[in-house]
$ cat query-v3.txt   # compact mmCIF, C-alpha atoms
# COMPACT_ATOMS: atom_id res chain seq x y z
CA MET A 1 73.14 109.87 115.52
CA THR A 2 73.75 110.66 111.85
CA GLY A 3 76.29 108.87 109.68
CA ILE A 4 77.66 109.94 106.31
CA ILE A 5 78.15 107.84 103.20
CA ILE A 6 80.49 109.29 100.57
CA LEU A 7 79.96 107.66 97.19
CA ALA A 8 83.28 107.50 95.32
CA ALA A 9 83.20 104.15 93.50
CA GLY A 10 82.85 105.25 89.88
CA ASN A 11 85.54 105.06 87.23
CA SER A 12 85.15 108.66 85.99
CA SER A 13 84.63 107.47 82.41
CA ARG A 14 83.71 110.92 81.09
CA LEU A 15 86.78 112.48 82.71
CA GLY A 16 89.28 109.83 81.63
CA LYS A 17 91.06 109.66 85.01
CA PRO A 18 89.95 109.27 88.65
CA LYS A 19 88.04 112.41 89.61
CA GLN A 20 88.52 111.40 93.25
CA ASN A 21 92.22 112.34 92.91
CA LEU A 22 91.78 115.69 91.15
CA VAL A 23 93.37 118.43 93.24
CA TYR A 24 91.49 121.57 94.23
CA GLN A 25 92.96 124.10 96.68
CA GLY A 26 95.70 121.70 97.78
CA LYS A 27 93.48 118.66 98.45
CA THR A 28 91.99 115.95 96.29
CA LEU A 29 88.24 116.05 95.74
CA LEU A 30 87.92 112.95 97.91
CA GLN A 31 89.94 114.59 100.68
CA HIS A 32 87.64 117.65 100.50
CA ALA A 33 84.58 115.40 100.89
CA VAL A 34 86.10 113.43 103.77
CA SER A 35 87.20 116.62 105.53
CA ALA A 36 83.70 118.13 105.24
CA ALA A 37 82.16 114.92 106.59
CA LEU A 38 84.57 114.63 109.53
CA HIS A 39 84.21 118.29 110.50
CA SER A 40 80.42 118.10 110.38
CA GLY A 41 80.36 116.06 113.59
CA CYS A 42 78.59 113.11 111.95
CA GLN A 43 79.72 109.58 112.76
CA PRO A 44 80.56 107.17 111.30
CA VAL A 45 81.96 108.43 107.99
CA ILE A 46 81.85 105.70 105.36
CA VAL A 47 83.60 106.01 101.99
CA VAL A 48 82.54 103.60 99.27
CA LEU A 49 85.26 102.98 96.68
CA GLY A 50 85.15 100.66 93.69
CA ALA A 51 86.96 101.20 90.41
CA ILE A 52 90.70 101.91 90.61
CA MET A 53 90.52 101.66 94.40
CA GLU A 54 94.26 101.10 94.76
CA THR A 55 94.92 104.48 93.09
CA ILE A 56 92.48 106.36 95.28
CA LEU A 57 93.14 104.66 98.62
CA PRO A 58 96.51 106.31 99.41
CA GLN A 59 94.76 109.71 99.32
CA ALA A 60 92.18 108.73 101.95
CA ASP A 61 92.32 109.55 105.67
CA LYS A 62 92.04 105.88 106.63
CA ALA A 63 92.38 106.36 110.38
CA ARG A 64 89.07 108.19 110.92
CA ILE A 65 86.83 106.74 108.23
CA THR A 66 85.45 103.35 107.24
CA ILE A 67 86.42 102.39 103.70
CA LEU A 68 84.26 99.89 101.85
CA HIS A 69 85.08 98.29 98.53
CA ASN A 70 82.16 97.91 96.16
CA PRO A 71 83.10 95.07 93.79
CA GLY A 72 79.84 95.66 91.90
CA TRP A 73 80.52 99.34 91.17
CA GLN A 74 79.66 98.79 87.47
CA GLN A 75 76.06 98.16 88.56
CA GLY A 76 75.77 101.87 89.27
CA MET A 77 75.28 104.12 92.24
CA SER A 78 72.60 101.94 93.83
CA ALA A 79 75.13 99.20 94.67
CA SER A 80 77.26 101.71 96.60
CA ILE A 81 74.23 103.13 98.41
CA ARG A 82 73.12 99.65 99.45
CA LEU A 83 76.62 98.81 100.70
CA GLY A 84 76.87 102.05 102.67
CA ILE A 85 73.43 101.76 104.27
CA ALA A 86 74.05 98.12 105.25
CA GLU A 87 77.32 99.17 106.94
CA LEU A 88 75.69 102.15 108.65
CA GLN A 89 72.98 99.94 110.12
CA LYS A 90 75.66 98.11 112.10
CA THR A 91 76.14 101.27 114.19
CA GLU A 92 73.98 101.29 117.29
CA GLY A 93 71.77 104.36 117.64
CA ILE A 94 71.99 105.42 113.99
CA GLU A 95 68.98 107.58 113.13
CA ASN A 96 69.91 109.17 109.80
CA ALA A 97 72.22 108.84 106.82
CA VAL A 98 73.65 111.71 104.81
CA ILE A 99 74.55 110.64 101.29
CA MET A 100 77.11 112.75 99.46
CA LEU A 101 79.39 112.52 96.45
CA CYS A 102 83.06 113.31 96.14
CA ASP A 103 82.71 115.48 93.03
CA GLN A 104 80.93 118.51 94.55
CA PRO A 105 83.92 120.64 95.64
CA PHE A 106 81.83 123.24 97.48
CA VAL A 107 80.27 120.87 99.99
CA GLY A 108 81.63 121.86 103.38
CA ALA A 109 80.97 120.99 107.01
CA ALA A 110 78.73 124.07 107.34
CA LEU A 111 76.34 122.77 104.66
CA ILE A 112 76.08 119.37 106.34
CA GLN A 113 75.46 121.10 109.68
CA ASN A 114 72.72 123.21 108.02
CA ILE A 115 71.10 119.99 106.79
CA LEU A 116 71.22 118.53 110.32
CA GLN A 117 69.84 121.73 111.79
CA LYS A 118 66.98 121.77 109.29
CA TYR A 119 66.21 118.14 110.15
CA ASN A 120 66.00 119.02 113.85
CA GLN A 121 63.75 122.03 113.14
CA CYS A 122 61.20 120.40 110.88
CA ASN A 123 59.18 117.24 110.90
CA LYS A 124 60.42 115.82 107.61
CA GLY A 125 62.23 112.55 106.95
CA ILE A 126 64.34 113.79 104.02
CA ILE A 127 66.44 116.96 103.88
CA ALA A 128 67.76 117.59 100.36
CA SER A 129 70.07 120.20 98.87
CA ALA A 130 68.30 122.55 96.48
CA TYR A 131 70.07 123.91 93.38
CA ASN A 132 69.30 124.50 89.71
CA ASN A 133 65.54 124.07 90.33
CA THR A 134 66.09 120.52 91.54
CA LEU A 135 66.75 118.60 94.73
CA GLY A 136 69.82 116.44 95.18
CA VAL A 137 72.88 115.56 97.21
CA PRO A 138 74.02 116.01 99.86
CA VAL A 139 70.79 114.56 101.19
CA LEU A 140 69.76 113.28 104.61
CA PHE A 141 67.46 110.28 104.94
CA ASN A 142 65.86 109.27 108.20
CA LYS A 143 66.23 105.56 109.00
CA LYS A 144 62.62 104.95 107.98
CA TYR A 145 63.93 105.20 104.40
CA PHE A 146 66.79 102.75 104.83
CA ALA A 147 64.69 99.83 103.53
CA ALA A 148 63.80 101.81 100.39
CA LEU A 149 67.45 102.74 99.86
CA LEU A 150 68.41 99.07 100.16
CA GLU A 151 65.95 98.27 97.35
CA LEU A 152 67.50 100.64 94.79
CA THR A 153 68.83 98.91 91.68
CA GLY A 154 71.00 99.74 88.69
CA ASP A 155 72.12 103.31 88.12
CA GLU A 156 69.23 104.50 90.24
CA GLY A 157 70.57 106.90 92.79
CA ALA A 158 68.71 108.22 95.80
CA LYS A 159 66.97 110.66 93.42
CA LYS A 160 64.18 108.09 93.01
CA LEU A 161 63.22 108.57 96.66
CA LEU A 162 63.19 112.34 96.20
CA THR A 163 60.49 111.80 93.58
CA ASP A 164 58.57 109.08 95.43
CA TYR A 165 58.43 110.88 98.80
CA ARG A 166 58.14 114.51 97.75
CA ASP A 167 55.74 115.32 100.63
CA ASP A 168 58.35 114.36 103.23
CA ILE A 169 61.19 116.57 101.93
CA GLU A 170 62.52 119.84 103.28
CA PRO A 171 65.02 121.67 101.03
CA VAL A 172 68.23 123.40 102.08
CA ASN A 173 69.49 126.02 99.64
CA PHE A 174 72.90 125.13 98.15
CA GLU A 175 73.34 126.97 94.85
CA GLN A 176 76.94 125.79 94.45
CA GLY A 177 75.63 122.21 94.43
CA ALA A 178 75.12 122.63 90.71
CA ILE A 179 78.91 122.58 90.33
CA ASP A 180 80.17 119.02 90.05
CA ILE A 181 83.14 117.59 88.21
CA ASP A 182 82.26 115.13 85.44
CA THR A 183 84.49 116.29 82.58
CA MET A 184 87.90 117.87 82.14
CA GLU A 185 86.09 121.08 81.12
CA ASP A 186 84.30 121.08 84.49
CA TYR A 187 87.63 120.68 86.27
CA GLN A 188 89.33 123.40 84.19
CA GLY A 189 86.47 125.73 85.06
CA LEU A 190 86.92 124.92 88.74
CA VAL A 191 90.67 125.38 88.99
CA GLY A 192 90.51 128.44 86.78
CA ASP A 193 88.63 130.07 89.67
CA GLN A 194 91.43 129.42 92.20

$ encode --input "query-v3.txt" --output "structure tokens"
Amino acid sequence: MTGIIILAAGNSSRLGKPKQNLVYQGKTLLQHAVSAALHSGCQPVIVVLGAIMETILPQADKARITILHNPGWQQGMSASIRLGIAELQKTEGIENAVIMLCDQPFVGAALIQNILQKYNQCNKGIIASAYNNTLGVPVLFNKKYFAALLELTGDEGAKKLLTDYRDDIEPVNFEQGAIDIDTMEDYQGLVGDQ
């Protein structure tokens, strides 16, 4: 069984307002991420919120997801990853975790299913999205990496593991993964394409 952790705890400091609530094609970015996760067939779907949670929460599909509040969101992405992995480990039979962000608007259920399919086809413990000559999220980690994920600190995301365990990674091509929303210019570029 594979669970999904959606990291959405940041305060969008570069954007100036919650990126989680930016609307693209009739849904907020967080709703897009949750929809992709739910339609992928993975369970459970965990959303980690932190800053301005009360503003973001009404937009979430609370009935089918587990929402966690990360009070230490200022510590960086690692605190949210640790929280999500700890929650996921409570699920019996959990084998893998897919970590994704809410600011990649082109992540869909098909991509997550491709990642799962690649995992089942190869003998690797990490399946990472490949874009812009790098590897990144969404990324699947087998449970053998849960301990390492729980040891991440500061603003260290899961990228550290992609460097440390390069020999155990299989890439999945996702060119649109390079598109993420960090600034108002990024968002204008995105909605300009609608």

$ closest_atom_pairs --input "query-v3.txt" --of "stretch 93-159 of chain A" --to "stretch 64-73 of chain A" --cutoff "12 Å" --atoms "all atoms listed in the file" --output "CSV"
residue,atom,partner,partner_atom,distance
A:Thr153,CA,A:Gly72,CA,11.5
A:Gly154,CA,A:Trp73,CA,9.8
A:Asp155,CA,A:Trp73,CA,9.8

$ closest_residue --input "query-v3.txt" --among "A:Leu149, A:Ala109, A:Leu162, A:Leu116" --to "A:Thr134" --atoms "all atoms listed in the file"
A:Leu162

$ closest_residue --input "query-v3.txt" --among "A:Ile85, A:Ile126, A:Ala9, A:Ala158" --to "A:Asn142" --atoms "only C-alpha atoms"
A:Ile126

$ closest_residue --input "query-v3.txt" --among "A:Ile115, A:Pro105, A:Met184, A:Ile5" --to "A:Thr28" --atoms "only C-alpha atoms"
A:Pro105

$ closest_residue --input "query-v3.txt" --among "A:Ala148, A:Ala86, A:Val47, A:Ala36" --to "A:Leu111" --atoms "only C-alpha atoms"
A:Ala36

$ residues_near_point --input "query-v3.txt" --point "(73.1, 113.7, 101.5)" --cutoff "6 Å" --atoms "all atoms listed in the file" --output "ChimeraX atom specification"
/A:98-100,137-140

$ atom_distance --input "query-v3.txt" --atom1 "atom CA of A:Leu15" --atom2 "atom CA of A:Thr183"
4.4 Å

$ axis_aligned_box --input "query-v3.txt" --around "stretch 165-170 of chain A" --padding-each-side "3 Å" --output "JSON"
{"center_x": 59.1, "center_y": 115.4, "center_z": 100.5, "size_x": 12.8, "size_y": 15.0, "size_z": 11.5}

$ residues_around --input "query-v3.txt" --residues "stretch 91-95 of chain A" --least-positions-apart "2" --cutoff "12 Å" --atoms "all atoms listed in the file" --output "JSON, numbers by chain"
{"A": [1, 2, 3, 4, 42, 43, 44, 45, 46, 66, 84, 85, 86, 87, 88, 89, 97, 98, 116, 119, 120, 125, 126, 140, 141, 142, 143, 144, 145, 146]}
